[in-house]
2 protein chains.
Amino acid sequence: MNLCALYGSRKPPILPSYIFMDHISQTEENYLKAIFKISEKTGSNASTNAIAQAMDTTAASVTDMIKRLSEKALINYEKYKGATLSDAGQKIATSLIRKHRLWEVFLVEQLQFSWDEVHEIAEQLEHIKSDELVRRLDGYLAHPKFDPHGDPIPDADGNFTFRKQVLLMDLRVGAEGIVVGVQDTSPQFLQYLDQMKLVLGVEVKLLERFDYDESVQIQVGQKGQLLTLSKKVCQNIYIQRLTP
Amino acid sequence: MNLCALYGSRKPPILPSYIFMDHISQTEENYLKAIFKISEKTGSNASTNAIAQAMDTTAASVTDMIKRLSEKALINYEKYKGATLSDAGQKIATSLIRKHRLWEVFLVEQLQFSWDEVHEIAEQLEHIKSDELVRRLDGYLAHPKFDPHGDPIPDADGNFTFRKQVLLMDLRVGAEGIVVGVQDTSPQFLQYLDQMKLVLGVEVKLLERFDYDESVQIQVGQKGQLLTLSKKVCQNIYIQRLTP
DNA sequence: ATGCAAATTTAGGTTTTAATAATAAAGAAG
DNA sequence: CTTCTTTATTATTAAAACCTAAATTTGCAT
């Protein structure tokens, strides 16, 4: 969320505002998504500060918005205790994530975008409102279960397919596995992976671990070349184990 | 634009607002599109009232917005004289129409929507900001020149492909032609046409004209069945002549 | 236990968009 | 050329989403 963030339209009270209680603005949607992600990551309530950081805004603005979301019963909120999503809020957040990831699949598989270019565009497309569109897009793409970064796409009811995956950092020496996802989705990191030919689906084997700086040496593919990866890189690549 | 119109986000002054002079909100975009369409239809300046009607808002709100668009040099405006688009405004308006119609082609041809369902969704999709996306979508759809309603899709520079077409009402008795477009794109009208099997590309021949109520009898297809159409219907169907 | 720093909320103000009501200008009709 | 109607403009108010600065609350450390 930067200076180029979208200014949107506001269509206001011809009728008294309580009629619009069920309308959710794009900004409100983005807050719900942020709260979802923070709760998911930390496993508990999303604090005001954490939300402010995620939304690139001030804590005061967040408190303001949190009150309105709470009035609309989209979140559960107690002063000074942070926020969690209500069932209604959860539904909206997972729907946004579903749309975001489906559009990413479309952009990469159909329009040939590379995986580091699609996030910003999907950030806009996720706000398009049409259940029928999402249903048809899902069918058009043959009901994908994972997006181009390996993240699971929730179904229409908000259920995620989980995959037992570990960080490359947590593999033992000698273990083999398949690259199935990334933790960091910044273009910088994704471009680095592309250069190293570490794309989704590729097989890797951990050859050696250097205690000095916690870097590791891996082999890419069956008879592929050797690579040395830093600790930071290993913390951001998800692997599905092939050996125990 | 009705009660369900989108409320959007506003991302404001980290930096002083004159930095954002080049940013155009969705509402501003919609105004530009409305002015374009009114100017196109009437052939002259778009009046405040005409814009208010098109945007489903009040004349006062329009005056307000017109001032801002004028300050941003997107329209030419003199008090009490209505508005016309500047070059910059024209560019934005045609870009919106281009995006709208490309997305309509995508929705109908790829996602199998019917032509009466796509307008509202395209109305949202046209605001997605990414030149690269538009370029790739255009290529993906094989550079279509007309949308599912037969309206021309402007190229990246805003140039329209024109087609010499006449209203069905203006055909002479005995004349033959192909249905290439519609004037009225309301779902009601499009569904009526679907029922009558009057889809784009179908061949029609005008058999008789009844002066009493200005209705006509036509033949659909080479050996197709006969139809009687009201004056109102004939005013809303575009035909490409096959006979002079 | 209490005292201080960090986190959070309140208070008061701005900007964008649009609504209402009241005023002013333009154009038509006598 | 004045009056009337239509059209357009100003003025004021409202709501959403944000800000800064000041006041609170919480939690942890001594």
# chains A, B, ... in the order shown; residues from 1 in each chain; ligands from 1
>>> closest_atom_pairs(of="chain C", to="chain B", cutoff="12 Å", atoms="only C-alpha atoms (C1' of nucleotides)", output="JSON lines")
{"residue": "C:DT14", "atom": "C1'", "partner": "B:Pro13", "partner_atom": "CA", "distance": 9.3}
{"residue": "C:DT15", "atom": "C1'", "partner": "B:Pro12", "partner_atom": "CA", "distance": 7.7}
{"residue": "C:DT16", "atom": "C1'", "partner": "B:Arg10", "partner_atom": "CA", "distance": 7.7}
{"residue": "C:DT17", "atom": "C1'", "partner": "B:Ser61", "partner_atom": "CA", "distance": 8.3}
{"residue": "C:DA18", "atom": "C1'", "partner": "B:Ser61", "partner_atom": "CA", "distance": 5.8}
{"residue": "C:DA19", "atom": "C1'", "partner": "B:Ser61", "partner_atom": "CA", "distance": 7.8}
{"residue": "C:DT20", "atom": "C1'", "partner": "B:Ala60", "partner_atom": "CA", "distance": 9.4}
{"residue": "C:DA21", "atom": "C1'", "partner": "B:Ala60", "partner_atom": "CA", "distance": 10.7}
{"residue": "C:DA22", "atom": "C1'", "partner": "B:Ala60", "partner_atom": "CA", "distance": 11.8}
{"residue": "C:DA24", "atom": "C1'", "partner": "B:Tyr80", "partner_atom": "CA", "distance": 11.0}
{"residue": "C:DA25", "atom": "C1'", "partner": "B:Tyr80", "partner_atom": "CA", "distance": 7.9}
{"residue": "C:DA26", "atom": "C1'", "partner": "B:Tyr80", "partner_atom": "CA", "distance": 8.2}
{"residue": "C:DG27", "atom": "C1'", "partner": "B:Tyr80", "partner_atom": "CA", "distance": 12.0}
>>> write_last_selection(atoms="C-alpha atoms (C1' of nucleotides)", output="mmCIF file, in the first residue's frame")
data_model
loop_
_atom_site.group_PDB
_atom_site.id
_atom_site.type_symbol
_atom_site.label_atom_id
_atom_site.label_comp_id
_atom_site.auth_asym_id
_atom_site.auth_seq_id
_atom_site.Cartn_x
_atom_site.Cartn_y
_atom_site.Cartn_z
ATOM 1 C "C1'" DT C 14 -8.485 17.842 6.791
ATOM 2 C "C1'" DT C 15 -9.759 16.146 2.284
ATOM 3 C "C1'" DT C 16 -12.839 13.959 -1.040
ATOM 4 C "C1'" DT C 17 -17.250 13.331 -2.675
ATOM 5 C "C1'" DA C 18 -21.835 14.336 -2.695
ATOM 6 C "C1'" DA C 19 -26.310 15.935 -0.716
ATOM 7 C "C1'" DT C 20 -29.774 20.082 0.144
ATOM 8 C "C1'" DA C 21 -31.206 24.578 -0.122
ATOM 9 C "C1'" DA C 22 -30.869 28.983 -1.769
ATOM 10 C "C1'" DA C 24 -27.820 33.749 -9.906
ATOM 11 C "C1'" DA C 25 -27.636 33.528 -14.937
ATOM 12 C "C1'" DA C 26 -29.618 32.358 -19.569
ATOM 13 C "C1'" DG C 27 -33.130 31.867 -22.638
#
>>> select_by_dssp(residues="segment 35-230 of chain B", states="helix (DSSP H, G or I)", output="JSON, numbers by chain")
{"B": [35, 36, 37, 38, 39, 40, 41, 42, 48, 49, 50, 51, 52, 53, 54, 55, 59, 60, 61, 62, 63, 64, 65, 66, 67, 68, 69, 70, 71, 87, 88, 89, 90, 91, 92, 93, 94, 95, 96, 97, 98, 99, 100, 101, 102, 103, 104, 105, 106, 107, 108, 109, 110, 118, 119, 120, 121, 122, 123, 124, 125, 131, 132, 133, 134, 135, 136, 137, 138, 139, 140, 168, 169, 170, 187, 188, 189, 190, 191, 192, 193, 194, 195]}
>>> interface_residues(of="chain D", to="chain B", cutoff="8 Å", atoms="only C-alpha atoms (C1' of nucleotides)", output="ChimeraX atom specification")
/D:7-9,17-18
>>> select_by_dssp(residues="segment 21-88 of chain B", states="strand (DSSP E or B)", output="VMD selection string")
chain B and resid 46 75 to 77 83 to 85
>>> residues_around(residues="DA6 of chain C", least_positions_apart="3", cutoff="12 Å", atoms="only C-alpha atoms (C1' of nucleotides)", output="VMD selection string")
(chain A and resid 49) or (chain D and resid 25 to 28)
>>> write_last_selection(atoms="C-alpha atoms (C1' of nucleotides)", output="mmCIF file, in the first residue's frame")
data_model
loop_
_atom_site.group_PDB
_atom_site.id
_atom_site.type_symbol
_atom_site.label_atom_id
_atom_site.label_comp_id
_atom_site.auth_asym_id
_atom_site.auth_seq_id
_atom_site.Cartn_x
_atom_site.Cartn_y
_atom_site.Cartn_z
ATOM 1 C CA ASN A 49 -0.127 -1.287 15.921
ATOM 2 C "C1'" DT D 25 -4.340 2.258 29.796
ATOM 3 C "C1'" DT D 26 -1.408 -1.777 30.085
ATOM 4 C "C1'" DG D 27 2.342 -4.470 31.267
ATOM 5 C "C1'" DC D 28 6.728 -5.116 32.800
#
>>> closest_residue(among="C:DG3, C:DA29, C:DT23, C:DT9", to="DT24 of chain D", atoms="only C-alpha atoms (C1' of nucleotides)")
C:DT9
>>> atom_distance(atom1="atom CA of His23 of chain A", atom2="atom CA of Glu29 of chain B")
21.7 Å
>>> residues_around(residues="DA22 of chain D", least_positions_apart="4", cutoff="12 Å", atoms="only C-alpha atoms (C1' of nucleotides)", output="short mmCIF file (atom, residue, chain, number, x, y, z; two decimals) with N, CA and C atoms (P, O5', C5', C4', C3', O3' and C1' of nucleotides), in the first residue's frame")
data_model
loop_
_atom_site.label_atom_id
_atom_site.label_comp_id
_atom_site.auth_asym_id
_atom_site.auth_seq_id
_atom_site.Cartn_x
_atom_site.Cartn_y
_atom_site.Cartn_z
P DT C 9 -7.45 0.53 20.95
"O5'" DT C 9 -7.88 1.97 21.51
"C5'" DT C 9 -8.20 2.10 22.89
"C4'" DT C 9 -8.41 3.56 23.24
"C3'" DT C 9 -9.52 4.24 22.43
"O3'" DT C 9 -10.45 4.79 23.34
"C1'" DT C 9 -7.55 5.58 22.48
P DT C 10 -11.81 5.47 22.79
"O5'" DT C 10 -11.51 7.05 22.93
"C5'" DT C 10 -11.05 7.58 24.16
"C4'" DT C 10 -10.76 9.06 24.04
"C3'" DT C 10 -11.81 9.89 23.29
"O3'" DT C 10 -12.07 11.04 24.09
"C1'" DT C 10 -9.68 10.29 22.38
P DA C 11 -13.28 12.02 23.77
"O5'" DA C 11 -12.56 13.39 23.38
"C5'" DA C 11 -11.19 13.61 23.68
"C4'" DA C 11 -10.70 14.84 22.91
"C3'" DA C 11 -11.77 15.59 22.12
"O3'" DA C 11 -11.48 16.97 22.19
"C1'" DA C 11 -10.11 14.83 20.63
P DG C 12 -12.44 18.06 21.53
"O5'" DG C 12 -11.62 18.49 20.23
"C5'" DG C 12 -10.25 18.91 20.35
"C4'" DG C 12 -9.71 19.18 18.96
"C3'" DG C 12 -10.71 19.88 18.03
"O3'" DG C 12 -10.00 20.77 17.20
"C1'" DG C 12 -10.06 17.88 17.06
#
>>> closest_residue(among="A:Ala88, A:Ile128, A:Ile218, A:Ala50", to="chain B", atoms="only C-alpha atoms")
A:Ile128
>>> residues_around(residues="Met169 of chain B", least_positions_apart="4", cutoff="12 Å", atoms="only C-alpha atoms (C1' of nucleotides)", output="number ranges by chain")
B: 165, 173, 175, 206, 208-210, 214-218, 229-239
>>> write_last_selection(atoms="C-alpha atoms", output="PDB file, in the first residue's frame")
ATOM      1  CA  GLN B 165     -24.033   0.713 -40.121  1.00  0.00           C
ATOM      2  CA  VAL B 173     -38.317  -2.745 -47.864  1.00  0.00           C
ATOM      3  CA  ALA B 175     -33.102  -4.706 -48.178  1.00  0.00           C
ATOM      4  CA  LEU B 206     -36.896  -6.430 -44.316  1.00  0.00           C
ATOM      5  CA  GLU B 208     -42.743  -5.223 -45.114  1.00  0.00           C
ATOM      6  CA  ARG B 209     -43.330  -1.973 -43.304  1.00  0.00           C
ATOM      7  CA  PHE B 210     -46.639  -1.137 -41.629  1.00  0.00           C
ATOM      8  CA  GLU B 214     -44.268   1.897 -37.940  1.00  0.00           C
ATOM      9  CA  SER B 215     -43.705  -1.762 -37.110  1.00  0.00           C
ATOM     10  CA  VAL B 216     -41.950  -3.999 -39.669  1.00  0.00           C
ATOM     11  CA  GLN B 217     -41.900  -7.628 -40.701  1.00  0.00           C
ATOM     12  CA  ILE B 218     -38.500  -9.249 -41.186  1.00  0.00           C
ATOM     13  CA  LEU B 229     -40.802  -5.902 -34.673  1.00  0.00           C
ATOM     14  CA  SER B 230     -42.057  -2.697 -33.096  1.00  0.00           C
ATOM     15  CA  LYS B 231     -40.702   0.745 -33.988  1.00  0.00           C
ATOM     16  CA  LYS B 232     -38.895   0.884 -30.646  1.00  0.00           C
ATOM     17  CA  VAL B 233     -37.037  -2.350 -31.341  1.00  0.00           C
ATOM     18  CA  CYS B 234     -36.075  -1.215 -34.862  1.00  0.00           C
ATOM     19  CA  GLN B 235     -34.573   1.964 -33.453  1.00  0.00           C
ATOM     20  CA  ASN B 236     -32.169  -0.026 -31.331  1.00  0.00           C
ATOM     21  CA  ILE B 237     -30.672  -2.557 -33.742  1.00  0.00           C
ATOM     22  CA  TYR B 238     -27.722  -1.755 -36.010  1.00  0.00           C
ATOM     23  CA  ILE B 239     -27.499  -3.430 -39.414  1.00  0.00           C
TER      24      ILE B 239
END
>>> closest_residue(among="A:His127, A:Arg172, A:Lys67, A:Arg163", to="chain B", atoms="only C-alpha atoms")
A:His127
